Amino acid sequence: MELGIRLKKITSMIEKCNIIADIGTDHAYIPIYLIKKGLAERAIAADINKGPIEKAKLNIISENLEDKIELRLGDGLSVIKPDEVQCAVIAGMGGNLIQDIIEKDIDVFKKLNYCIVQPMQNPEVLRKYIYVKGYEIIDEDLCKEDDKFYEIIKIRYGENIQNIDPFYYEISKTLIYKQHPLMKEYIKNKIEKYLNIIKYINEDTKNAQNKRKEIINKINRLKELI
């Protein structure tokens, strides 16, 4: 089974473990891949909806991995007990929802060796949450698939709260430091989006002026990084 660019990039950040949990598993592509590659002995594939669980079940059966991958229907990390798994993947959903999933079952998250999160929208919300809570960012990565960028963050529980510039909620300090090969293109893409937003701020109110000023400041800071 061949994974797409996004899922392949997520799996590349996973260290060999005994049991991994894939939260929001959809078709169970990640657990199947990890088991077949020997990166995990067993896996728990979880989803809140019955539809994805049924699809995952068919894929698991077709790969003869029923004894290696357990399916669980439920909400986020609530399907996992503390210390039951060494690591977890929470991918393919919005940054706000990933934040809520971690916060709701923080006792489970605390016991993980690491957790790989991949927000589909609002990565800045998730990164802010990570910094504000003081969680450790182990590593970050970036990929592009079907003309869309995806940010992947590997984290673990910690209490090292950092007073960081909010600018780095949107732009990864880790990826800047690593000089990630996609970073320049990613920044240019962000600048284009901000320039388009400015076009629609036509009001002459104080709020509109402040918003325009804020965006122009972000654009200038982004340009400095290129």
# chains A, B, ... in the order shown; residues from 1 in each chain; ligands from 1

$ residues_around --residues "stretch 128-142 of chain A" --least-positions-apart "2" --cutoff "8 Å" --atoms "only C-alpha atoms" --output "list in words"
Lys9, Gln99, Glu124, Val125, Leu126, Lys144, Phe149, Tyr150, Glu151, Ile152, Ile153, Lys154, Ile155, Arg156, Tyr157, Gly158, Glu159, Asn160, Ile161, Gln162, Ile164, Pro166, Tyr169, Ser172, Thr174, Leu175, His180, Leu182 and Met183 of chain A

$ write_last_selection --atoms "C-alpha atoms" --output "compact mmCIF listing (two decimals), in the first residue's frame"
# COMPACT_ATOMS: atom_id res chain seq x y z
CA LYS A 9 5.56 12.53 5.84
CA GLN A 99 -6.33 21.26 20.71
CA GLU A 124 -1.48 28.83 14.21
CA VAL A 125 -4.23 28.10 16.79
CA LEU A 126 -2.66 24.73 17.58
CA LYS A 144 2.92 20.02 -0.12
CA PHE A 149 0.76 22.93 2.40
CA TYR A 150 0.56 20.76 5.51
CA GLU A 151 2.38 21.39 8.78
CA ILE A 152 3.29 18.43 10.96
CA ILE A 153 4.35 18.90 14.58
CA LYS A 154 5.84 16.27 16.88
CA ILE A 155 5.21 17.16 20.51
CA ARG A 156 5.18 15.77 24.04
CA TYR A 157 3.89 16.92 27.38
CA GLY A 158 5.95 19.46 29.27
CA GLU A 159 5.54 22.60 31.35
CA ASN A 160 8.23 24.81 29.84
CA ILE A 161 6.08 27.86 29.05
CA GLN A 162 7.89 30.22 26.67
CA ILE A 164 7.43 33.68 22.39
CA PRO A 166 3.06 35.51 18.49
CA TYR A 169 2.44 30.85 16.05
CA SER A 172 7.43 27.71 12.59
CA THR A 174 11.82 25.14 13.97
CA LEU A 175 11.37 25.07 10.21
CA HIS A 180 13.35 23.65 5.36
CA LEU A 182 9.74 24.28 1.23
CA MET A 183 9.84 27.22 3.63

$ residues_around --residues "A:Asp83" --least-positions-apart "6" --cutoff "10 Å" --atoms "only C-alpha atoms" --output "PyMOL selection string"
chain A and resi 107-113

$ closest_residue --among "A:Ile90, A:Leu34, A:Leu71, A:Leu222" --to "A:Tyr114" --atoms "only C-alpha atoms"
A:Ile90

$ residues_around --residues "A:Glu2" --least-positions-apart "5" --cutoff "12 Å" --atoms "only C-alpha atoms" --output "count of residues only"
10

$ select_by_dssp --residues "stretch 12-113 of chain A" --states "helix (DSSP H, G or I)" --output "MDAnalysis selection string"
chainID A and resid 29:36 50:62 76:79 95:104 106:110

$ residues_around --residues "A:Cys17" --least-positions-apart "6" --cutoff "10 Å" --atoms "only C-alpha atoms" --output "short mmCIF file (atom, residue, chain, number, x, y, z; two decimals) with all heavy atoms, in the first residue's frame"
data_model
loop_
_atom_site.label_atom_id
_atom_site.label_comp_id
_atom_site.auth_asym_id
_atom_site.auth_seq_id
_atom_site.Cartn_x
_atom_site.Cartn_y
_atom_site.Cartn_z
N LEU A 34 2.35 1.33 9.16
CA LEU A 34 3.31 1.20 10.26
C LEU A 34 3.55 -0.26 10.65
O LEU A 34 4.69 -0.66 10.91
CB LEU A 34 2.84 1.99 11.48
CG LEU A 34 2.77 3.52 11.31
CD1 LEU A 34 2.16 4.16 12.55
CD2 LEU A 34 4.15 4.09 11.03
N GLY A 38 7.05 -2.50 10.05
CA GLY A 38 7.72 -2.90 11.28
C GLY A 38 8.00 -1.76 12.23
O GLY A 38 8.82 -1.89 13.14
N LEU A 39 7.30 -0.63 12.06
CA LEU A 39 7.50 0.52 12.94
C LEU A 39 6.64 0.43 14.20
O LEU A 39 6.87 1.17 15.16
CB LEU A 39 7.19 1.82 12.18
CG LEU A 39 8.24 2.21 11.12
CD1 LEU A 39 7.71 3.30 10.21
CD2 LEU A 39 9.52 2.67 11.81
N ALA A 40 5.66 -0.44 14.19
CA ALA A 40 4.81 -0.67 15.36
C ALA A 40 4.44 -2.14 15.42
O ALA A 40 4.20 -2.77 14.38
CB ALA A 40 3.56 0.20 15.30
N GLU A 41 4.41 -2.68 16.64
CA GLU A 41 4.02 -4.08 16.81
C GLU A 41 2.51 -4.22 16.68
O GLU A 41 2.01 -5.15 16.06
CB GLU A 41 4.48 -4.58 18.18
CG GLU A 41 5.99 -4.72 18.34
CD GLU A 41 6.58 -5.76 17.41
OE1 GLU A 41 5.94 -6.81 17.23
OE2 GLU A 41 7.67 -5.51 16.87
N ARG A 42 1.81 -3.26 17.31
CA ARG A 42 0.35 -3.26 17.25
C ARG A 42 -0.15 -1.82 17.14
O ARG A 42 0.60 -0.87 17.38
CB ARG A 42 -0.25 -3.93 18.49
CG ARG A 42 0.02 -5.43 18.57
CD ARG A 42 -0.76 -6.10 19.69
NE ARG A 42 -0.30 -5.70 21.01
CZ ARG A 42 -1.10 -5.21 21.96
NH1 ARG A 42 -2.39 -5.04 21.74
NH2 ARG A 42 -0.60 -4.89 23.15
N ALA A 43 -1.43 -1.67 16.81
CA ALA A 43 -1.98 -0.32 16.67
C ALA A 43 -3.45 -0.30 17.08
O ALA A 43 -4.16 -1.31 16.98
CB ALA A 43 -1.84 0.17 15.23
N VAL A 85 -0.65 3.17 25.19
CA VAL A 85 0.14 3.28 23.96
C VAL A 85 1.35 4.18 24.23
O VAL A 85 1.35 4.99 25.16
CB VAL A 85 -0.70 3.86 22.79
CG1 VAL A 85 -1.92 2.99 22.52
CG2 VAL A 85 -1.12 5.30 23.05
N GLN A 86 2.38 4.04 23.40
CA GLN A 86 3.57 4.88 23.56
C GLN A 86 3.46 6.20 22.79
O GLN A 86 4.05 7.20 23.17
CB GLN A 86 4.83 4.14 23.09
CG GLN A 86 5.23 2.98 23.97
CD GLN A 86 4.41 1.74 23.69
OE1 GLN A 86 4.30 1.30 22.54
NE2 GLN A 86 3.82 1.17 24.72
N CYS A 87 2.73 6.17 21.71
CA CYS A 87 2.64 7.37 20.87
C CYS A 87 1.28 7.41 20.17
O CYS A 87 0.55 6.42 20.12
CB CYS A 87 3.77 7.40 19.85
SG CYS A 87 4.06 5.83 19.02
N ASN A 113 4.91 9.08 24.90
CA ASN A 113 6.30 9.44 24.61
C ASN A 113 6.34 10.63 23.66
O ASN A 113 7.20 11.50 23.78
CB ASN A 113 7.05 8.27 23.99
CG ASN A 113 7.24 7.12 24.97
OD1 ASN A 113 7.09 7.29 26.18
ND2 ASN A 113 7.56 5.95 24.45
#

$ closest_residue --among "A:Arg212, A:Glu203, A:Glu145, A:Arg221" --to "A:Tyr168" --atoms "only C-alpha atoms"
A:Arg221

$ atom_distance --atom1 "atom CA of A:Tyr186" --atom2 "atom CA of A:Lys173"
13.5 Å

$ atom_distance --atom1 "atom CA of A:Asp204" --atom2 "atom CA of A:Lys218"
20.1 Å

$ atom_distance --atom1 "atom CA of A:Lys211" --atom2 "atom CA of A:Asn163"
23.6 Å

$ residues_around --residues "A:Gly74" --least-positions-apart "6" --cutoff "9 Å" --atoms "only C-alpha atoms" --output "ChimeraX atom specification"
/A:46-49

$ decode --residues "stretch 91-185 of chain A" --atoms "C-alpha atoms" --output "PDB file, in the first residue's frame"
ATOM      1  CA  ALA A  91      -4.119  14.171  11.946  1.00  0.00           C
ATOM      2  CA  GLY A  92      -6.525  15.316   9.270  1.00  0.00           C
ATOM      3  CA  MET A  93      -8.674  17.679  11.346  1.00  0.00           C
ATOM      4  CA  GLY A  94      -8.646  21.358  12.312  1.00  0.00           C
ATOM      5  CA  GLY A  95      -6.158  22.860  14.750  1.00  0.00           C
ATOM      6  CA  ASN A  96      -8.959  23.871  17.119  1.00  0.00           C
ATOM      7  CA  LEU A  97     -10.285  20.315  17.281  1.00  0.00           C
ATOM      8  CA  ILE A  98      -6.825  18.800  17.849  1.00  0.00           C
ATOM      9  CA  GLN A  99      -6.328  21.260  20.706  1.00  0.00           C
ATOM     10  CA  ASP A 100      -9.676  20.219  22.216  1.00  0.00           C
ATOM     11  CA  ILE A 101      -8.840  16.516  21.861  1.00  0.00           C
ATOM     12  CA  ILE A 102      -5.561  16.932  23.764  1.00  0.00           C
ATOM     13  CA  GLU A 103      -7.081  19.148  26.439  1.00  0.00           C
ATOM     14  CA  LYS A 104     -10.082  16.895  27.024  1.00  0.00           C
ATOM     15  CA  ASP A 105      -7.955  13.836  27.781  1.00  0.00           C
ATOM     16  CA  ILE A 106      -4.783  15.481  29.054  1.00  0.00           C
ATOM     17  CA  ASP A 107      -4.045  12.550  31.403  1.00  0.00           C
ATOM     18  CA  VAL A 108      -3.661  10.290  28.349  1.00  0.00           C
ATOM     19  CA  PHE A 109      -1.573  12.863  26.471  1.00  0.00           C
ATOM     20  CA  LYS A 110       0.771  13.301  29.458  1.00  0.00           C
ATOM     21  CA  LYS A 111       1.756   9.634  29.344  1.00  0.00           C
ATOM     22  CA  LEU A 112       2.640   9.544  25.634  1.00  0.00           C
ATOM     23  CA  ASN A 113       6.297   9.438  24.613  1.00  0.00           C
ATOM     24  CA  TYR A 114       5.255  11.758  21.826  1.00  0.00           C
ATOM     25  CA  CYS A 115       2.267  12.777  19.736  1.00  0.00           C
ATOM     26  CA  ILE A 116       2.269  13.777  16.077  1.00  0.00           C
ATOM     27  CA  VAL A 117      -0.334  16.396  15.218  1.00  0.00           C
ATOM     28  CA  GLN A 118      -1.195  17.533  11.703  1.00  0.00           C
ATOM     29  CA  PRO A 119      -3.809  20.277  11.442  1.00  0.00           C
ATOM     30  CA  MET A 120      -5.738  20.703   8.189  1.00  0.00           C
ATOM     31  CA  GLN A 121      -6.764  24.250   9.130  1.00  0.00           C
ATOM     32  CA  ASN A 122      -5.714  26.811  11.741  1.00  0.00           C
ATOM     33  CA  PRO A 123      -2.212  25.506  12.481  1.00  0.00           C
ATOM     34  CA  GLU A 124      -1.484  28.826  14.208  1.00  0.00           C
ATOM     35  CA  VAL A 125      -4.226  28.097  16.785  1.00  0.00           C
ATOM     36  CA  LEU A 126      -2.658  24.733  17.581  1.00  0.00           C
ATOM     37  CA  ARG A 127       0.893  26.069  17.720  1.00  0.00           C
ATOM     38  CA  LYS A 128      -0.199  28.872  20.064  1.00  0.00           C
ATOM     39  CA  TYR A 129      -1.827  26.294  22.336  1.00  0.00           C
ATOM     40  CA  ILE A 130       1.369  24.208  22.340  1.00  0.00           C
ATOM     41  CA  TYR A 131       3.529  27.197  23.303  1.00  0.00           C
ATOM     42  CA  VAL A 132       1.092  28.621  25.861  1.00  0.00           C
ATOM     43  CA  LYS A 133       0.808  25.241  27.589  1.00  0.00           C
ATOM     44  CA  GLY A 134       4.551  24.723  27.549  1.00  0.00           C
ATOM     45  CA  TYR A 135       4.532  21.451  25.626  1.00  0.00           C
ATOM     46  CA  GLU A 136       7.814  20.443  24.041  1.00  0.00           C
ATOM     47  CA  ILE A 137       8.100  20.669  20.261  1.00  0.00           C
ATOM     48  CA  ILE A 138      10.387  17.762  19.379  1.00  0.00           C
ATOM     49  CA  ASP A 139      10.359  18.402  15.648  1.00  0.00           C
ATOM     50  CA  GLU A 140       8.339  19.924  12.835  1.00  0.00           C
ATOM     51  CA  ASP A 141       7.996  19.199   9.151  1.00  0.00           C
ATOM     52  CA  LEU A 142       6.222  20.616   6.125  1.00  0.00           C
ATOM     53  CA  CYS A 143       4.943  19.063   2.923  1.00  0.00           C
ATOM     54  CA  LYS A 144       2.915  20.020  -0.116  1.00  0.00           C
ATOM     55  CA  GLU A 145       0.288  17.813  -1.705  1.00  0.00           C
ATOM     56  CA  ASP A 146      -2.245  18.821  -4.361  1.00  0.00           C
ATOM     57  CA  ASP A 147      -1.120  22.482  -4.129  1.00  0.00           C
ATOM     58  CA  LYS A 148      -1.795  22.617  -0.396  1.00  0.00           C
ATOM     59  CA  PHE A 149       0.761  22.928   2.396  1.00  0.00           C
ATOM     60  CA  TYR A 150       0.561  20.757   5.506  1.00  0.00           C
ATOM     61  CA  GLU A 151       2.379  21.391   8.778  1.00  0.00           C
ATOM     62  CA  ILE A 152       3.291  18.431  10.962  1.00  0.00           C
ATOM     63  CA  ILE A 153       4.345  18.899  14.578  1.00  0.00           C
ATOM     64  CA  LYS A 154       5.841  16.273  16.882  1.00  0.00           C
ATOM     65  CA  ILE A 155       5.215  17.157  20.515  1.00  0.00           C
ATOM     66  CA  ARG A 156       5.182  15.767  24.037  1.00  0.00           C
ATOM     67  CA  TYR A 157       3.890  16.924  27.379  1.00  0.00           C
ATOM     68  CA  GLY A 158       5.948  19.459  29.265  1.00  0.00           C
ATOM     69  CA  GLU A 159       5.540  22.597  31.352  1.00  0.00           C
ATOM     70  CA  ASN A 160       8.227  24.808  29.844  1.00  0.00           C
ATOM     71  CA  ILE A 161       6.083  27.862  29.051  1.00  0.00           C
ATOM     72  CA  GLN A 162       7.890  30.216  26.670  1.00  0.00           C
ATOM     73  CA  ASN A 163       7.268  33.906  26.174  1.00  0.00           C
ATOM     74  CA  ILE A 164       7.425  33.679  22.389  1.00  0.00           C
ATOM     75  CA  ASP A 165       6.630  36.287  19.742  1.00  0.00           C
ATOM     76  CA  PRO A 166       3.058  35.512  18.488  1.00  0.00           C
ATOM     77  CA  PHE A 167       4.428  35.837  14.937  1.00  0.00           C
ATOM     78  CA  TYR A 168       5.870  32.337  15.427  1.00  0.00           C
ATOM     79  CA  TYR A 169       2.440  30.854  16.046  1.00  0.00           C
ATOM     80  CA  GLU A 170       1.919  31.199  12.292  1.00  0.00           C
ATOM     81  CA  ILE A 171       5.457  30.586  11.109  1.00  0.00           C
ATOM     82  CA  SER A 172       7.429  27.707  12.592  1.00  0.00           C
ATOM     83  CA  LYS A 173      10.665  28.741  14.304  1.00  0.00           C
ATOM     84  CA  THR A 174      11.816  25.144  13.974  1.00  0.00           C
ATOM     85  CA  LEU A 175      11.371  25.072  10.206  1.00  0.00           C
ATOM     86  CA  ILE A 176      13.069  28.466   9.819  1.00  0.00           C
ATOM     87  CA  TYR A 177      16.038  27.238  11.867  1.00  0.00           C
ATOM     88  CA  LYS A 178      16.194  24.010   9.844  1.00  0.00           C
ATOM     89  CA  GLN A 179      16.028  26.007   6.604  1.00  0.00           C
ATOM     90  CA  HIS A 180      13.351  23.654   5.358  1.00  0.00           C
ATOM     91  CA  PRO A 181      13.438  23.433   1.545  1.00  0.00           C
ATOM     92  CA  LEU A 182       9.735  24.283   1.231  1.00  0.00           C
ATOM     93  CA  MET A 183       9.842  27.218   3.631  1.00  0.00           C
ATOM     94  CA  LYS A 184      10.476  29.955   1.050  1.00  0.00           C
ATOM     95  CA  GLU A 185       7.591  28.783  -1.124  1.00  0.00           C
TER      96      GLU A 185
END
